[in-house]
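**Q** Data: work-v8.csv, CSV, C-alpha atoms and all ligand atoms.
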chain,number,residue,atom,x,y,z
F,867,MET,CA,179.4,203.4,67.2
F,868,LYS,CA,176.3,202.1,68.8
F,869,LYS,CA,176.9,200.1,72.0
F,870,ILE,CA,174.7,198.6,74.6
F,871,PHE,CA,175.6,197.5,78.1
F,872,LEU,CA,173.9,194.5,79.7
F,873,GLY,CA,174.3,193.4,83.3
F,874,PRO,CA,172.4,193.1,86.6
F,875,PRO,CA,172.0,196.1,88.9
F,876,GLY,CA,175.3,196.8,90.6
F,877,SER,CA,177.4,195.1,87.9
F,878,GLY,CA,179.3,198.4,87.3
F,879,LYS,CA,177.7,199.0,83.8
F,880,GLY,CA,176.6,202.6,84.6
F,881,THR,CA,180.0,203.6,85.9
F,882,ALA,CA,181.9,201.9,83.0
F,883,ALA,CA,179.5,203.3,80.3
F,884,SER,CA,179.9,206.9,81.7
F,885,ARG,CA,183.7,206.6,81.3
F,886,ILE,CA,183.7,204.9,77.9
F,887,ALA,CA,181.3,207.4,76.2
F,888,PRO,CA,183.7,210.3,76.1
F,889,LYS,CA,186.5,208.1,74.7
F,890,PHE,CA,184.3,207.6,71.6
F,891,ASN,CA,182.7,211.0,71.7
F,892,ILE,CA,179.2,209.7,72.0
F,893,PRO,CA,176.5,210.2,74.6
F,894,HIS,CA,175.9,207.9,77.5
F,895,ILE,CA,172.2,207.2,77.7
F,896,SER,CA,171.0,205.6,80.9
F,897,THR,CA,167.2,205.0,80.9
F,898,GLY,CA,167.3,204.8,84.7
F,899,ASP,CA,168.9,208.3,84.8
F,900,LEU,CA,166.3,209.6,82.3
F,901,PHE,CA,163.5,208.3,84.5
F,902,ARG,CA,165.1,209.8,87.6
F,903,GLU,CA,165.3,213.2,85.8
F,904,ASN,CA,161.7,212.9,84.7
F,905,ILE,CA,160.6,212.1,88.3
F,906,LYS,CA,162.6,215.0,89.6
F,907,ASN,CA,160.8,217.3,87.2
F,908,GLN,CA,157.4,215.5,87.7
F,909,THR,CA,156.8,215.1,84.0
F,910,PRO,CA,154.0,212.8,82.7
F,911,ILE,CA,156.7,210.1,82.1
F,912,GLY,CA,158.2,210.5,85.6
F,913,ILE,CA,154.7,210.3,87.2
F,914,LYS,CA,154.0,207.0,85.3
F,915,ALA,CA,157.4,205.5,86.1
F,916,GLN,CA,157.8,206.4,89.8
F,917,GLN,CA,155.9,203.6,91.5
F,918,TYR,CA,157.4,200.9,89.3
F,919,MET,CA,160.9,202.1,90.0
F,920,ASP,CA,160.3,202.4,93.8
F,921,GLU,CA,159.1,198.8,93.9
F,922,GLY,CA,162.0,197.6,91.8
F,923,LYS,CA,159.8,196.6,88.9
F,924,LEU,CA,160.3,197.4,85.2
F,925,VAL,CA,158.5,200.4,83.8
F,926,PRO,CA,156.1,199.2,81.0
F,927,ASP,CA,157.8,198.8,77.6
F,928,GLU,CA,155.6,201.4,75.9
F,929,VAL,CA,156.7,204.1,78.3
F,930,VAL,CA,160.4,203.3,78.1
F,931,ILE,CA,160.3,202.9,74.4
F,932,GLU,CA,158.7,206.2,73.8
F,933,MET,CA,161.3,207.9,76.0
F,934,LEU,CA,164.2,206.2,74.3
F,935,LYS,CA,163.0,206.9,70.8
F,936,LYS,CA,162.9,210.5,71.6
F,937,ARG,CA,166.3,210.6,73.1
F,938,ILE,CA,168.1,208.8,70.3
F,939,SER,CA,166.6,211.0,67.7
F,940,GLN,CA,168.5,214.0,69.1
F,941,ASN,CA,171.4,215.4,67.2
F,942,ASP,CA,174.1,214.3,69.6
F,943,CYS,CA,173.3,210.7,68.7
F,944,GLU,CA,174.3,211.1,65.0
F,945,ASN,CA,177.6,209.3,65.5
F,946,GLY,CA,176.3,206.7,67.9
F,947,PHE,CA,175.5,206.3,71.6
F,948,ILE,CA,176.0,204.0,74.6
F,949,LEU,CA,172.8,202.6,76.0
F,950,ASP,CA,173.0,201.7,79.6
F,951,GLY,CA,169.9,199.8,81.0
F,952,PHE,CA,168.2,199.5,77.7
F,953,PRO,CA,167.0,197.1,76.3
F,954,ARG,CA,165.8,195.1,79.3
F,955,THR,CA,163.1,193.0,77.7
F,956,MET,CA,162.8,191.1,74.4
F,957,PRO,CA,160.1,193.6,73.1
F,958,GLN,CA,162.5,196.5,73.8
F,959,ALA,CA,165.4,194.6,72.0
F,960,GLU,CA,163.1,194.0,69.0
F,961,MET,CA,162.0,197.6,68.8
F,962,LEU,CA,165.7,198.7,68.9
F,963,GLU,CA,166.4,196.3,66.0
F,964,GLU,CA,163.7,198.1,63.9
F,965,LEU,CA,165.2,201.5,64.7
F,966,THR,CA,168.9,200.9,64.2
F,967,ASP,CA,171.9,198.5,64.0
F,968,ILE,CA,173.8,197.9,67.3
F,969,ASP,CA,177.5,197.3,66.7
F,970,ILE,CA,178.5,195.7,70.1
F,971,ALA,CA,176.8,194.5,73.2
F,972,ILE,CA,178.9,194.4,76.4
F,973,ASN,CA,177.8,191.9,79.0
F,974,MET,CA,179.0,192.7,82.5
F,975,ASP,CA,179.3,189.2,83.8
F,976,VAL,CA,179.1,189.1,87.6
F,977,THR,CA,177.7,186.6,90.2
F,978,GLU,CA,174.7,187.3,92.3
F,979,GLU,CA,176.7,187.2,95.5
F,980,VAL,CA,179.0,190.1,94.3
F,981,VAL,CA,176.0,192.1,93.0
F,982,ILE,CA,174.3,191.9,96.4
F,983,THR,CA,177.5,192.9,98.3
F,984,ARG,CA,178.1,195.8,95.8
F,985,ASN,CA,174.6,197.1,96.0
F,986,SER,CA,174.5,197.2,99.7
F,987,ALA,CA,177.4,199.6,99.6
F,988,ARG,CA,176.1,201.7,96.7
F,989,ILE,CA,175.0,205.3,97.2
F,990,SER,CA,174.4,208.1,94.8
F,991,CYS,CA,174.1,211.8,94.6
F,992,SER,CA,170.6,213.2,94.8
F,993,GLY,CA,171.6,216.1,92.6
F,994,CYS,CA,173.7,214.8,89.7
F,995,GLY,CA,173.3,211.0,90.1
F,996,LYS,CA,177.0,210.3,90.5
F,997,ILE,CA,177.5,206.8,91.9
F,998,TYR,CA,179.7,206.1,94.9
F,999,ASN,CA,180.6,202.9,96.7
F,1000,LEU,CA,181.0,203.1,100.5
F,1001,ARG,CA,183.7,200.4,100.3
F,1002,SER,CA,185.8,201.2,97.2
F,1003,THR,CA,184.9,204.8,96.1
F,1004,PRO,CA,183.3,206.8,98.9
F,1005,PRO,CA,182.8,210.6,98.5
F,1006,LYS,CA,185.7,212.6,99.8
F,1007,GLU,CA,183.4,214.3,102.4
F,1008,LYS,CA,181.0,212.0,104.1
F,1009,GLY,CA,177.5,212.2,102.6
F,1010,ILE,CA,178.4,215.0,100.2
F,1011,CYS,CA,178.9,214.7,96.4
F,1012,ASP,CA,182.4,215.5,95.2
F,1013,GLU,CA,181.1,217.0,92.0
F,1014,CYS,CA,178.0,219.1,92.9
F,1015,LYS,CA,178.0,219.1,96.7
F,1016,GLU,CA,174.4,217.8,97.0
F,1017,LYS,CA,173.5,215.0,99.5
F,1018,VAL,CA,174.7,211.5,98.7
F,1019,VAL,CA,172.0,209.0,99.6
F,1020,ARG,CA,170.9,205.3,99.1
F,1021,ARG,CA,168.4,205.1,96.2
F,1022,PRO,CA,165.1,203.6,97.4
F,1023,ASP,CA,165.5,200.9,94.7
F,1024,ASP,CA,168.9,199.9,96.2
F,1025,GLU,CA,167.3,198.8,99.5
F,1026,PRO,CA,168.2,195.1,100.0
F,1027,GLU,CA,164.6,193.8,99.5
F,1028,VAL,CA,164.1,195.8,96.4
F,1029,ILE,CA,167.5,194.7,95.0
F,1030,LYS,CA,166.4,191.0,95.4
F,1031,LYS,CA,163.4,191.8,93.4
F,1032,ARG,CA,165.4,193.6,90.7
F,1033,LEU,CA,167.8,190.7,90.4
F,1034,GLU,CA,164.9,188.3,90.0
F,1035,ILE,CA,163.4,190.4,87.2
F,1036,TYR,CA,166.9,190.7,85.6
F,1037,LYS,CA,167.2,186.9,85.5
F,1038,GLN,CA,163.7,186.4,84.1
F,1039,GLN,CA,163.4,189.2,81.6
F,1040,THR,CA,166.8,190.7,80.8
F,1041,SER,CA,169.2,187.8,80.9
F,1042,PRO,CA,167.7,186.1,77.8
F,1043,LEU,CA,169.0,189.1,75.8
F,1044,ILE,CA,172.5,187.9,76.4
F,1045,ASN,CA,171.9,184.9,74.1
F,1046,PHE,CA,169.9,187.1,71.7
F,1047,TYR,CA,173.0,189.3,71.1
F,1048,ARG,CA,175.4,186.4,71.4
F,1049,ASN,CA,173.6,184.7,68.5
F,1050,LYS,CA,173.9,187.9,66.5
F,1051,GLY,CA,177.7,187.6,67.0
F,1052,ILE,CA,178.1,191.0,68.6
F,1053,LEU,CA,178.3,190.1,72.3
F,1054,LYS,CA,181.5,190.5,74.4
F,1055,ASP,CA,181.6,189.2,78.0
F,1056,VAL,CA,183.5,191.3,80.5
F,1057,PHE,CA,184.2,189.4,83.8
F,1058,CYS,CA,183.9,191.8,86.7
F,1059,ASP,CA,183.4,189.4,89.6
F,1060,ASP,CA,186.2,190.7,91.8
F,1061,ILE,CA,184.6,192.6,94.7
F,1062,MET,CA,187.7,194.8,95.1
F,1063,GLN,CA,187.9,195.7,91.4
F,1064,THR,CA,188.1,199.5,91.1
F,1065,PRO,CA,186.0,201.5,88.6
F,1066,GLU,CA,189.3,202.2,86.7
F,1067,GLU,CA,190.0,198.5,86.4
F,1068,THR,CA,186.5,197.8,85.2
F,1069,PHE,CA,186.7,200.6,82.7
F,1070,GLN,CA,190.0,199.2,81.4
F,1071,ALA,CA,188.5,195.7,81.1
F,1072,VAL,CA,185.6,197.1,79.0
F,1073,MET,CA,188.0,199.1,76.8
F,1074,ASP,CA,190.1,196.0,76.2
F,1075,ALA,CA,187.0,194.0,75.2
F,1076,ILE,CA,185.8,196.8,72.8
F,1077,GLU,CA,189.3,197.1,71.2
F,1078,LYS,CA,189.5,193.3,70.8
F,1079,PHE,CA,186.1,193.3,69.2
F,1080,LEU,CA,187.1,196.0,66.7
F,1081,GLU,CA,190.3,194.1,65.9
F,1082,GLU,CA,188.3,190.9,65.2
F,1083,MET,CA,185.9,192.9,63.0
F,1084,LYS,CA,188.8,194.1,60.8
F,1085,LYS,CA,189.9,190.5,60.0
D,1101,LIG,P1,168.8,201.6,86.5
D,1101,LIG,O1,169.3,202.9,87.0
D,1101,LIG,O2,169.3,201.3,85.1
D,1101,LIG,O3,169.1,200.5,87.5
D,1101,LIG,O4,167.2,201.7,86.4
D,1101,LIG,C1,166.5,202.0,87.6
D,1101,LIG,C2,165.0,201.6,87.3
D,1101,LIG,O5,164.5,202.3,86.2
D,1101,LIG,C3,164.8,200.2,87.0
D,1101,LIG,O6,164.7,199.3,88.1
D,1101,LIG,C4,163.4,200.2,86.3
D,1101,LIG,O7,162.3,200.4,87.2
D,1101,LIG,C5,163.5,201.5,85.5
D,1101,LIG,N1,164.1,201.3,84.1
D,1101,LIG,C6,165.3,201.7,83.7
D,1101,LIG,N2,165.5,201.3,82.4
D,1101,LIG,C7,164.4,200.5,82.1
D,1101,LIG,C8,164.0,199.8,80.9
D,1101,LIG,N3,164.8,199.7,79.9
D,1101,LIG,N4,162.8,199.1,81.0
D,1101,LIG,C9,162.0,199.2,82.1
D,1101,LIG,N5,162.3,199.9,83.2
D,1101,LIG,C10,163.5,200.5,83.2
In structure tokens, write the structure found in this file.
**A**
Amino acid sequence: MKKIFLGPPGSGKGTAASRIAPKFNIPHISTGDLFRENIKNQTPIGIKAQQYMDEGKLVPDEVVIEMLKKRISQNDCENGFILDGFPRTMPQAEMLEELTDIDIAINMDVTEEVVITRNSARISCSGCGKIYNLRSTPPKEKGICDECKEKVVRRPDDEPEVIKKRLEIYKQQTSPLINFYRNKGILKDVFCDDIMQTPEETFQAVMDAIEKFLEEMKK
């Protein structure tokens, strides 16, 4: 099954996607994580992407499309994948259409107020990228990742000023994709506007939406 997750930064889509993927035995592909990996390894893609990311801007379409095409042509994507953070612009969505059919688009529906509150508490591991929230899901040991024991830090693009910019870009360039997928009849909204909602509850809400969608498809 090929799924995509739409939603503003801090909507919980990354955490939900990483939990959903193993349930369907498909890879979770986050273009943000792929870029961070490329930056860490100082690859040509990483070098091109770094400044855009630090400033909260979108990396140009041609760079992200090239990276994504390569990733989804790998063997582990034969039975599908979850895309988290792609597509983010109409040209990206159109390119995806040409490559493959998407079965379901999950829209993580959340207000700006909640997004800002969530992001201000979001930190992540500098080693494996695992996301924590200082309020709801802090690491067991302060500043240290539970999984790989590397340092847990605030990403430069999660600084409040950068977040505001990322939200603006989301509204302008990515939110039109909600109607694009709604018009295709494959969009499911998941309301995740409760600031105290745990990652487990968000995961369950997404699973329920997918199961409902699959039921409706059978009819
Ligand atoms: P994320 O981890 O999904 O929030 O992505 C972090 C950053 O990576 C974004 O703010 C963009 O700079 C860049 N990025 C990730 N995915 C894309 C995409 N599909 N198109 C353009 N830039 C992207």
**Q** Which residues are near ligand LIG 1101 (chain D) in this structure, taking near to mean any atom at most 8 Å from a ligand atom and counting all atoms listed in the file? Format them as a PyMOL selection string.
**A** chain F and resi 875-876+880+896-899+901-902+915-916+918-927+930-931+950-955+958+1023+1032
**Q** Every residue with an atom at most 12 Å from (186.3, 200.7, 78.7) (file coordinates; only C-alpha atoms) is what I'm after, so could you write them as a VMD selection string?
**A** chain F and resid 869 871 878 to 890 948 972 974 1056 1065 to 1078
**Q** Could you jot down the CA of Val976 in chain F to CA of Pro1022 in chain F separation for me, Å, one decimal place?
**A**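 CA of Val976 in chain F sits 22.4 Å away from CA of Pro1022 in chain F.
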**Q** Skipping near chain neighbours, those fewer than 5 positions away, what residues fall within 9 Å of Lys914 in chain F using all atoms listed in the file, listed as number ranges by chain?
**A** F: 905, 909, 925, 929
**Q** Identify the residues within 12 Å of coordinate (177.6, 196.6, 95.4) (same frame as the file), considering all atoms listed in the file, and give the answer as JSON, numbers by chain.
**A** {"F": [874, 875, 876, 877, 878, 879, 976, 977, 978, 979, 980, 981, 982, 983, 984, 985, 986, 987, 988, 989, 990, 997, 998, 999, 1000, 1001, 1002, 1003, 1020, 1024, 1025, 1026, 1029, 1058, 1059, 1060, 1061, 1062, 1063, 1064, 1065]}
**Q** Only C-alpha atoms, please: the residues just picked out, written as a PDB file, in the coordinates of the input.
**A**
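Okay, this is what ended up in selection-v4.pdb:
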ATOM      1  CA  PRO F 874     172.400 193.100  86.600  1.00  0.00           C
ATOM      2  CA  PRO F 875     172.000 196.100  88.900  1.00  0.00           C
ATOM      3  CA  GLY F 876     175.300 196.800  90.600  1.00  0.00           C
ATOM      4  CA  SER F 877     177.400 195.100  87.900  1.00  0.00           C
ATOM      5  CA  GLY F 878     179.300 198.400  87.300  1.00  0.00           C
ATOM      6  CA  LYS F 879     177.700 199.000  83.800  1.00  0.00           C
ATOM      7  CA  VAL F 976     179.100 189.100  87.600  1.00  0.00           C
ATOM      8  CA  THR F 977     177.700 186.600  90.200  1.00  0.00           C
ATOM      9  CA  GLU F 978     174.700 187.300  92.300  1.00  0.00           C
ATOM     10  CA  GLU F 979     176.700 187.200  95.500  1.00  0.00           C
ATOM     11  CA  VAL F 980     179.000 190.100  94.300  1.00  0.00           C
ATOM     12  CA  VAL F 981     176.000 192.100  93.000  1.00  0.00           C
ATOM     13  CA  ILE F 982     174.300 191.900  96.400  1.00  0.00           C
ATOM     14  CA  THR F 983     177.500 192.900  98.300  1.00  0.00           C
ATOM     15  CA  ARG F 984     178.100 195.800  95.800  1.00  0.00           C
ATOM     16  CA  ASN F 985     174.600 197.100  96.000  1.00  0.00           C
ATOM     17  CA  SER F 986     174.500 197.200  99.700  1.00  0.00           C
ATOM     18  CA  ALA F 987     177.400 199.600  99.600  1.00  0.00           C
ATOM     19  CA  ARG F 988     176.100 201.700  96.700  1.00  0.00           C
ATOM     20  CA  ILE F 989     175.000 205.300  97.200  1.00  0.00           C
ATOM     21  CA  SER F 990     174.400 208.100  94.800  1.00  0.00           C
ATOM     22  CA  ILE F 997     177.500 206.800  91.900  1.00  0.00           C
ATOM     23  CA  TYR F 998     179.700 206.100  94.900  1.00  0.00           C
ATOM     24  CA  ASN F 999     180.600 202.900  96.700  1.00  0.00           C
ATOM     25  CA  LEU F1000     181.000 203.100 100.500  1.00  0.00           C
ATOM     26  CA  ARG F1001     183.700 200.400 100.300  1.00  0.00           C
ATOM     27  CA  SER F1002     185.800 201.200  97.200  1.00  0.00           C
ATOM     28  CA  THR F1003     184.900 204.800  96.100  1.00  0.00           C
ATOM     29  CA  ARG F1020     170.900 205.300  99.100  1.00  0.00           C
ATOM     30  CA  ASP F1024     168.900 199.900  96.200  1.00  0.00           C
ATOM     31  CA  GLU F1025     167.300 198.800  99.500  1.00  0.00           C
ATOM     32  CA  PRO F1026     168.200 195.100 100.000  1.00  0.00           C
ATOM     33  CA  ILE F1029     167.500 194.700  95.000  1.00  0.00           C
ATOM     34  CA  CYS F1058     183.900 191.800  86.700  1.00  0.00           C
ATOM     35  CA  ASP F1059     183.400 189.400  89.600  1.00  0.00           C
ATOM     36  CA  ASP F1060     186.200 190.700  91.800  1.00  0.00           C
ATOM     37  CA  ILE F1061     184.600 192.600  94.700  1.00  0.00           C
ATOM     38  CA  MET F1062     187.700 194.800  95.100  1.00  0.00           C
ATOM     39  CA  GLN F1063     187.900 195.700  91.400  1.00  0.00           C
ATOM     40  CA  THR F1064     188.100 199.500  91.100  1.00  0.00           C
ATOM     41  CA  PRO F1065     186.000 201.500  88.600  1.00  0.00           C
TER      42      PRO F1065
END
**Q** From the options F:Lys1017, F:Ile1010, F:Glu944, F:Lys935, which residue's atoms come nearest to Glu964 in chain F, counting only C-alpha atoms?
**A**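 With only C-alpha atoms as the atom set, the closest residue is F:Lys935.
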**Q** If I take CA of Asn1049 in chain F and CA of Met867 in chain F, how far is one from the other in Å, to one decimal?
**A**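 Distance between the two atoms: 19.6 Å.
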